[in-house]
file query_8.tsv (TSV, C-alpha atoms)
chain	number	residue	atom	x	y	z
P	278	MET	CA	113.54	122.03	163.84
P	279	PRO	CA	112.43	124.31	160.97
P	280	GLU	CA	110.52	127.43	161.66
P	281	ASN	CA	106.77	127.15	161.77
P	282	THR	CA	106.24	129.59	158.91
P	283	PRO	CA	103.29	129.44	156.48
P	284	GLU	CA	105.74	128.40	153.76
P	285	ASN	CA	106.94	125.43	155.78
P	286	GLU	CA	103.41	124.37	156.63
P	287	LEU	CA	102.53	124.47	152.97
P	288	LEU	CA	105.59	122.40	152.13
P	289	ILE	CA	104.72	119.76	154.72
P	290	LYS	CA	101.13	119.61	153.51
P	291	ARG	CA	102.34	119.17	149.95
P	292	GLN	CA	104.63	116.31	150.95
P	293	GLN	CA	101.78	114.60	152.80
P	294	ILE	CA	99.58	114.81	149.70
P	295	GLN	CA	102.41	113.41	147.58
P	296	GLU	CA	102.77	110.47	150.01
P	297	GLN	CA	99.05	109.79	149.76
P	298	VAL	CA	99.17	109.82	145.97
P	299	ARG	CA	102.15	107.43	145.93
P	300	ALA	CA	100.42	105.02	148.29
P	301	ALA	CA	97.26	105.11	146.22
P	302	ASP	CA	99.24	104.48	143.01
P	303	LYS	CA	100.90	101.45	144.60
P	304	ALA	CA	97.62	100.00	145.82
P	305	ARG	CA	95.91	100.32	142.44
P	306	PRO	CA	96.03	97.21	140.25
P	307	LYS	CA	98.08	97.61	137.07
P	308	LEU	CA	96.10	98.75	134.04
P	309	GLU	CA	95.80	96.10	131.40
P	310	MET	CA	94.59	96.67	127.87
P	311	GLN	CA	91.13	95.21	127.47
P	312	GLY	CA	90.41	94.99	123.78
P	313	ALA	CA	91.13	97.54	121.11
P	314	MET	CA	91.35	101.26	121.66
P	315	GLN	CA	88.63	103.24	119.92
P	316	ALA	CA	89.51	106.90	119.90
P	317	GLY	CA	88.42	107.77	116.38
P	318	ALA	CA	85.54	109.73	114.90
P	319	ARG	CA	83.67	106.46	114.51
P	320	PRO	CA	84.25	102.90	115.76
P	321	TYR	CA	86.60	100.76	113.67
P	322	PRO	CA	86.87	96.99	113.19
P	323	GLU	CA	88.92	95.01	115.71
P	324	PRO	CA	90.59	91.60	115.52
P	325	PRO	CA	89.92	88.73	115.17
P	326	PHE	CA	89.40	88.94	111.41
P	327	SER	CA	88.46	86.14	109.06
P	328	LYS	CA	91.02	84.53	106.78
P	329	LEU	CA	92.12	86.32	103.64
P	330	ASP	CA	91.43	84.75	100.28
P	331	GLN	CA	93.44	86.94	97.95
P	332	ASN	CA	97.06	87.59	97.18
P	333	LYS	CA	99.17	90.71	96.82
P	334	PRO	CA	98.59	93.43	95.86
P	335	GLY	CA	94.93	92.75	96.62
P	336	ILE	CA	91.69	94.27	95.49
P	337	GLU	CA	89.87	96.57	97.86
P	338	TYR	CA	86.29	95.65	97.08
P	339	LYS	CA	87.11	92.01	97.84
P	340	LEU	CA	88.47	92.78	101.31
P	341	SER	CA	86.10	92.11	104.17
P	342	PRO	CA	85.32	94.17	106.15
P	343	GLU	CA	85.75	96.85	103.50
P	344	PRO	CA	88.28	99.47	104.60
P	345	TYR	CA	86.94	102.74	106.02
P	346	TYR	CA	88.21	105.36	103.62
P	347	ASP	CA	85.57	108.03	103.03
P	348	ALA	CA	85.70	109.91	106.37
P	349	PRO	CA	82.06	111.08	106.28
P	350	TYR	CA	82.60	113.22	109.37
P	351	TRP	CA	85.37	115.26	107.69
P	352	LYS	CA	84.45	118.76	106.52
P	353	GLY	CA	86.75	120.26	103.92
P	354	SER	CA	88.16	123.71	104.50
P	355	GLY	CA	90.28	124.44	101.44
P	356	LYS	CA	93.56	123.24	102.92
P	357	LEU	CA	94.74	122.28	99.40
P	358	GLN	CA	92.57	124.68	97.40
P	359	ASP	CA	93.24	124.41	93.64
P	360	LYS	CA	96.40	122.35	94.08
P	361	ALA	CA	97.03	119.30	91.93
P	362	ALA	CA	98.10	115.99	93.43
P	363	ILE	CA	99.51	112.84	91.84
P	364	ILE	CA	99.01	109.76	93.99
P	365	THR	CA	100.73	106.53	93.05
P	366	GLY	CA	98.81	103.48	94.22
P	367	GLY	CA	95.85	105.78	94.67
P	368	ASP	CA	93.34	103.17	93.57
P	369	SER	CA	92.95	101.58	96.98
P	370	GLY	CA	94.06	101.50	100.58
P	371	ILE	CA	95.83	104.53	102.02
P	372	GLY	CA	96.15	106.05	98.55
P	373	ARG	CA	92.39	106.02	98.07
P	374	ALA	CA	91.71	107.64	101.44
P	375	VAL	CA	94.35	110.30	100.70
P	376	ALA	CA	92.91	110.94	97.22
P	377	ILE	CA	89.44	111.57	98.63
P	378	LEU	CA	90.66	113.71	101.51
P	379	PHE	CA	92.83	115.82	99.19
P	380	ALA	CA	89.85	116.33	96.88
P	381	ARG	CA	87.63	117.32	99.78
P	382	GLU	CA	90.25	119.91	100.69
P	383	GLY	CA	90.09	121.37	97.19
P	384	ALA	CA	92.72	119.53	95.15
P	385	ASP	CA	92.44	117.93	91.72
P	386	VAL	CA	93.75	114.38	91.95
P	387	ALA	CA	95.41	112.06	89.45
P	388	ILE	CA	95.89	108.48	90.61
P	389	LEU	CA	98.20	105.86	89.18
P	390	HIS	CA	97.61	102.15	89.65
P	391	MET	CA	98.79	98.78	88.41
P	392	GLU	CA	97.08	96.83	85.68
P	393	GLY	CA	94.21	94.73	87.00
P	394	GLU	CA	93.18	97.35	89.53
P	395	GLU	CA	90.95	99.31	87.15
P	396	GLU	CA	87.80	98.70	89.13
P	397	ASP	CA	89.22	100.06	92.40
P	398	ALA	CA	90.79	102.97	90.51
P	399	ALA	CA	87.54	103.95	88.83
P	400	ALA	CA	85.75	103.89	92.19
P	401	THR	CA	88.37	106.20	93.68
P	402	ALA	CA	88.28	108.58	90.71
P	403	ASP	CA	84.48	108.69	90.98
P	404	ALA	CA	84.75	109.52	94.68
P	405	VAL	CA	87.15	112.36	93.84
P	406	LYS	CA	84.66	113.70	91.29
P	407	GLY	CA	81.97	113.33	93.95
P	408	GLU	CA	83.91	115.89	95.98
P	409	GLY	CA	83.55	118.31	93.06
P	410	ARG	CA	87.16	118.04	91.85
P	411	ASN	CA	88.79	116.60	88.75
P	412	GLY	CA	89.70	112.94	89.17
P	413	LEU	CA	91.91	111.07	86.72
P	414	ASP	CA	93.00	107.44	86.89
P	415	ALA	CA	95.66	105.81	84.77
P	416	ALA	CA	97.32	102.39	84.77
P	417	GLU	CA	101.10	102.27	84.97
P	418	PRO	CA	102.46	100.48	81.90
P	419	LYS	CA	104.23	97.24	82.76
B	19	MET	CA	106.61	118.50	100.82
B	20	LEU	CA	109.69	116.57	101.73
B	21	SER	CA	108.36	114.95	104.86
B	22	LYS	CA	106.67	111.59	104.99
B	23	ALA	CA	104.08	109.82	107.03
B	24	LYS	CA	105.02	106.39	108.27
B	25	ALA	CA	102.12	104.02	108.58
B	26	ALA	CA	102.05	100.45	109.83
B	27	THR	CA	99.36	97.81	110.19
B	28	VAL	CA	96.65	99.43	108.14
B	29	TRP	CA	93.51	97.70	106.92
B	30	THR	CA	94.18	97.84	103.18
B	31	PRO	CA	94.14	95.18	100.47
B	32	LEU	CA	97.95	95.18	100.34
B	33	ASN	CA	98.97	95.16	103.95
B	34	PRO	CA	97.13	92.13	105.38
B	35	SER	CA	98.11	90.00	102.39
B	36	ASP	CA	101.73	90.31	103.57
B	37	ASN	CA	100.97	87.62	106.08
B	38	PRO	CA	97.73	85.75	105.31
B	39	GLU	CA	98.30	83.18	108.09
B	40	GLN	CA	98.33	85.83	110.77
B	41	MET	CA	95.25	87.50	109.41
B	42	GLU	CA	93.11	86.65	112.40
B	43	SER	CA	95.22	88.68	114.81
B	44	PHE	CA	96.00	91.48	112.35
B	45	GLY	CA	96.53	94.68	114.31
B	46	CYS	CA	97.12	93.01	117.68
B	47	ASN	CA	100.77	94.05	117.63
B	48	THR	CA	99.89	97.73	117.86
B	49	ARG	CA	99.39	99.57	121.12
B	50	MET	CA	95.78	100.14	120.11
B	51	GLN	CA	95.17	96.42	119.56
B	52	ARG	CA	93.63	96.95	116.16
B	53	PRO	CA	94.71	97.94	112.65
B	54	ALA	CA	94.35	101.52	111.45
B	55	GLN	CA	91.76	102.28	108.80
B	56	PRO	CA	92.94	104.27	105.75
B	57	GLU	CA	90.85	107.29	106.75
B	58	GLU	CA	92.84	107.46	109.99
B	59	ILE	CA	96.13	107.68	108.09
B	60	ALA	CA	95.13	110.13	105.36
B	61	PRO	CA	94.99	113.27	107.57
B	62	ALA	CA	98.72	112.88	108.26
B	63	TYR	CA	99.41	113.19	104.53
B	64	LEU	CA	97.09	116.17	104.30
B	65	PHE	CA	98.89	117.82	107.18
B	66	LEU	CA	102.28	117.37	105.52
B	67	ALA	CA	101.00	118.39	102.07
B	68	SER	CA	99.15	121.55	103.03
B	69	PRO	CA	101.04	124.84	102.97
B	70	GLN	CA	98.62	126.08	105.63
B	71	MET	CA	99.55	123.43	108.13
B	72	SER	CA	103.16	122.38	107.86
B	73	SER	CA	105.12	125.13	106.11
B	74	PHE	CA	107.90	124.96	108.69
B	75	ILE	CA	108.23	121.18	108.66
B	76	THR	CA	110.63	119.42	106.32
B	77	GLY	CA	112.57	116.16	106.27
B	78	GLU	CA	110.40	114.75	109.01
B	79	ILE	CA	108.91	111.32	109.48
B	80	LEU	CA	105.52	111.35	111.12
B	81	PRO	CA	104.72	108.00	112.69
B	82	VAL	CA	101.05	107.06	112.48
B	83	ILE	CA	101.47	103.64	113.99
B	84	GLY	CA	98.97	103.39	116.80
B	85	GLY	CA	101.49	103.95	119.57
B	86	TYR	CA	104.79	102.39	120.53
B	87	THR	CA	104.95	98.89	121.91
B	88	ASP	CA	107.69	96.50	122.99
B	89	ARG	CA	105.97	93.56	121.38

call {"tool": "encode", "arguments": {"input": "query_8.tsv", "output": "structure tokens"}}
result
Amino acid sequence: MPENTPENELLIKRQQIQEQVRAADKARPKLEMQGAMQAGARPYPEPPFSKLDQNKPGIEYKLSPEPYYDAPYWKGSGKLQDKAAIITGGDSGIGRAVAILFAREGADVAILHMEGEEEDAAATADAVKGEGRNGLDAAEPK
Amino acid sequence: MLSKAKAATVWTPLNPSDNPEQMESFGCNTRMQRPAQPEEIAPAYLFLASPQMSSFITGEILPVIGGYTDR
């Protein structure tokens, strides 16, 4: 029989609490994912999506719903002040979002894109200029 | 910057057109049960590109994949 010291009492109490927690964990039904997780700065689209009617590499303005790329909640703080960035495939998709974010953080941005993507590229370059930085778009020669 | 961000299942013109037939359930295979939007990926590139934020990181792959899943 262990001594009835305050330390031992504390230990026993702790073990009892642990037992209670274990029993409660066992009794609880398993967590199942119910729908998509929304932990972002704003809610984002969830499946199901409608069928796609375009082929690779795809044009952004034809995609529905249009991708969320402009991060309106994001406040720039000069994290790339006066740097210059070259972003291949910067006309659309991840490249476009990166181009705009880099510009908001103070960088001048040049984007490269494939032929046929001029419209997306111009929109991205305009968005870069809208952040007050130099935006340049150029098609890669085939 | 010699690190890279690894992104998967992002709502971009390129990515969904990989598999047009499975478009309806696009993003269901991630832990978050939805595709990422480009603006959710971009901060990872900013983090790796900015000398203020990642000066002691190199040769790293930063997974921005909406969590790990066994599916």

call {"tool": "interface_residues", "arguments": {"input": "query_8.tsv", "of": "chain P", "to": "chain B", "cutoff": "9 Å", "atoms": "all atoms listed in the file", "output": "number ranges by chain"}}
result
P: 310-315, 317, 321-340, 342-348, 356-357, 369-379, 382

call {"tool": "atom_distance", "arguments": {"input": "query_8.tsv", "atom1": "CA of Lys303 (chain P)", "atom2": "CA of Gly85 (chain B)"}}
result
25.2 Å

call {"tool": "atom_distance", "arguments": {"input": "query_8.tsv", "atom1": "CA of Thr76 (chain B)", "atom2": "CA of Glu408 (chain P)"}}
result
28.9 Å

call {"tool": "closest_residue", "arguments": {"input": "query_8.tsv", "among": "P:Asp385, P:Glu296, P:Asp414, P:Asp302", "to": "Thr401 (chain P)", "atoms": "all atoms listed in the file"}}
result
P:Asp414

call {"tool": "atom_distance", "arguments": {"input": "query_8.tsv", "atom1": "CA of Asn47 (chain B)", "atom2": "CA of Thr87 (chain B)"}}
result
7.7 Å

call {"tool": "axis_aligned_box", "arguments": {"input": "query_8.tsv", "around": "region 46-65 of chain B", "padding_each_side": "4 Å", "output": "AutoDock Vina command-line options"}}
result
--center_x 95.8 --center_y 105.4 --center_z 112.7 --size_x 17.9 --size_y 32.8 --size_z 24.8

call {"tool": "decode", "arguments": {"input": "query_8.tsv", "residues": "region 310-373 of chain P", "atoms": "C-alpha atoms", "output": "mmCIF file, in the first residue's frame"}}
result
data_model
loop_
_atom_site.group_PDB
_atom_site.id
_atom_site.type_symbol
_atom_site.label_atom_id
_atom_site.label_comp_id
_atom_site.auth_asym_id
_atom_site.auth_seq_id
_atom_site.Cartn_x
_atom_site.Cartn_y
_atom_site.Cartn_z
ATOM 1 C CA MET P 310 -16.420 14.391 -42.647
ATOM 2 C CA GLN P 311 -19.648 16.112 -43.570
ATOM 3 C CA GLY P 312 -19.025 18.107 -46.695
ATOM 4 C CA ALA P 313 -16.050 20.255 -47.539
ATOM 5 C CA MET P 314 -13.844 21.998 -45.027
ATOM 6 C CA GLN P 315 -14.015 25.774 -45.186
ATOM 7 C CA ALA P 316 -11.169 27.278 -43.219
ATOM 8 C CA GLY P 317 -10.213 30.082 -45.582
ATOM 9 C CA ALA P 318 -10.599 33.845 -45.519
ATOM 10 C CA ARG P 319 -13.779 33.428 -47.542
ATOM 11 C CA PRO P 320 -15.928 30.437 -48.531
ATOM 12 C CA TYR P 321 -14.796 28.508 -51.608
ATOM 13 C CA PRO P 322 -16.703 26.368 -54.119
ATOM 14 C CA GLU P 323 -17.290 22.712 -53.264
ATOM 15 C CA PRO P 324 -18.067 19.680 -55.434
ATOM 16 C CA PRO P 325 -20.157 18.656 -57.274
ATOM 17 C CA PHE P 326 -19.102 20.784 -60.243
ATOM 18 C CA SER P 327 -20.645 20.863 -63.684
ATOM 19 C CA LYS P 328 -18.981 19.184 -66.641
ATOM 20 C CA LEU P 329 -16.024 20.831 -68.310
ATOM 21 C CA ASP P 330 -16.302 21.885 -71.923
ATOM 22 C CA GLN P 331 -12.730 22.784 -72.772
ATOM 23 C CA ASN P 332 -9.466 20.990 -73.282
ATOM 24 C CA LYS P 333 -5.953 21.487 -71.982
ATOM 25 C CA PRO P 334 -4.397 23.874 -71.223
ATOM 26 C CA GLY P 335 -7.704 25.670 -70.731
ATOM 27 C CA ILE P 336 -8.732 29.285 -70.609
ATOM 28 C CA GLU P 337 -9.481 30.817 -67.249
ATOM 29 C CA TYR P 338 -12.348 33.097 -68.169
ATOM 30 C CA LYS P 339 -14.208 30.109 -69.619
ATOM 31 C CA LEU P 340 -13.964 28.090 -66.409
ATOM 32 C CA SER P 341 -17.062 28.077 -64.250
ATOM 33 C CA PRO P 342 -17.081 28.923 -61.415
ATOM 34 C CA GLU P 343 -14.241 31.335 -62.145
ATOM 35 C CA PRO P 344 -11.216 30.604 -59.943
ATOM 36 C CA TYR P 345 -10.713 32.777 -56.866
ATOM 37 C CA TYR P 346 -7.392 34.463 -57.469
ATOM 38 C CA ASP P 347 -7.490 38.079 -56.302
ATOM 39 C CA ALA P 348 -7.421 37.590 -52.495
ATOM 40 C CA PRO P 349 -9.305 40.823 -51.683
ATOM 41 C CA TYR P 350 -8.702 40.311 -47.968
ATOM 42 C CA TRP P 351 -4.898 40.314 -48.408
ATOM 43 C CA LYS P 352 -3.055 43.465 -47.367
ATOM 44 C CA GLY P 353 0.404 43.885 -48.838
ATOM 45 C CA SER P 354 3.297 44.632 -46.522
ATOM 46 C CA GLY P 355 6.315 44.933 -48.793
ATOM 47 C CA LYS P 356 7.445 41.331 -48.456
ATOM 48 C CA LEU P 357 8.944 41.518 -51.976
ATOM 49 C CA GLN P 358 9.516 45.272 -52.154
ATOM 50 C CA ASP P 359 11.136 46.311 -55.467
ATOM 51 C CA LYS P 360 12.025 42.762 -56.456
ATOM 52 C CA ALA P 361 11.387 41.522 -59.978
ATOM 53 C CA ALA P 362 9.648 38.223 -60.653
ATOM 54 C CA ILE P 363 9.326 36.142 -63.813
ATOM 55 C CA ILE P 364 6.369 33.775 -63.708
ATOM 56 C CA THR P 365 5.993 31.145 -66.400
ATOM 57 C CA GLY P 366 2.373 30.209 -67.001
ATOM 58 C CA GLY P 367 1.469 33.373 -65.152
ATOM 59 C CA ASP P 368 -1.530 34.091 -67.350
ATOM 60 C CA SER P 369 -3.953 31.949 -65.385
ATOM 61 C CA GLY P 370 -4.446 29.548 -62.527
ATOM 62 C CA ILE P 371 -1.848 29.424 -59.764
ATOM 63 C CA GLY P 372 0.500 31.613 -61.810
ATOM 64 C CA ARG P 373 -2.064 34.396 -61.976
#
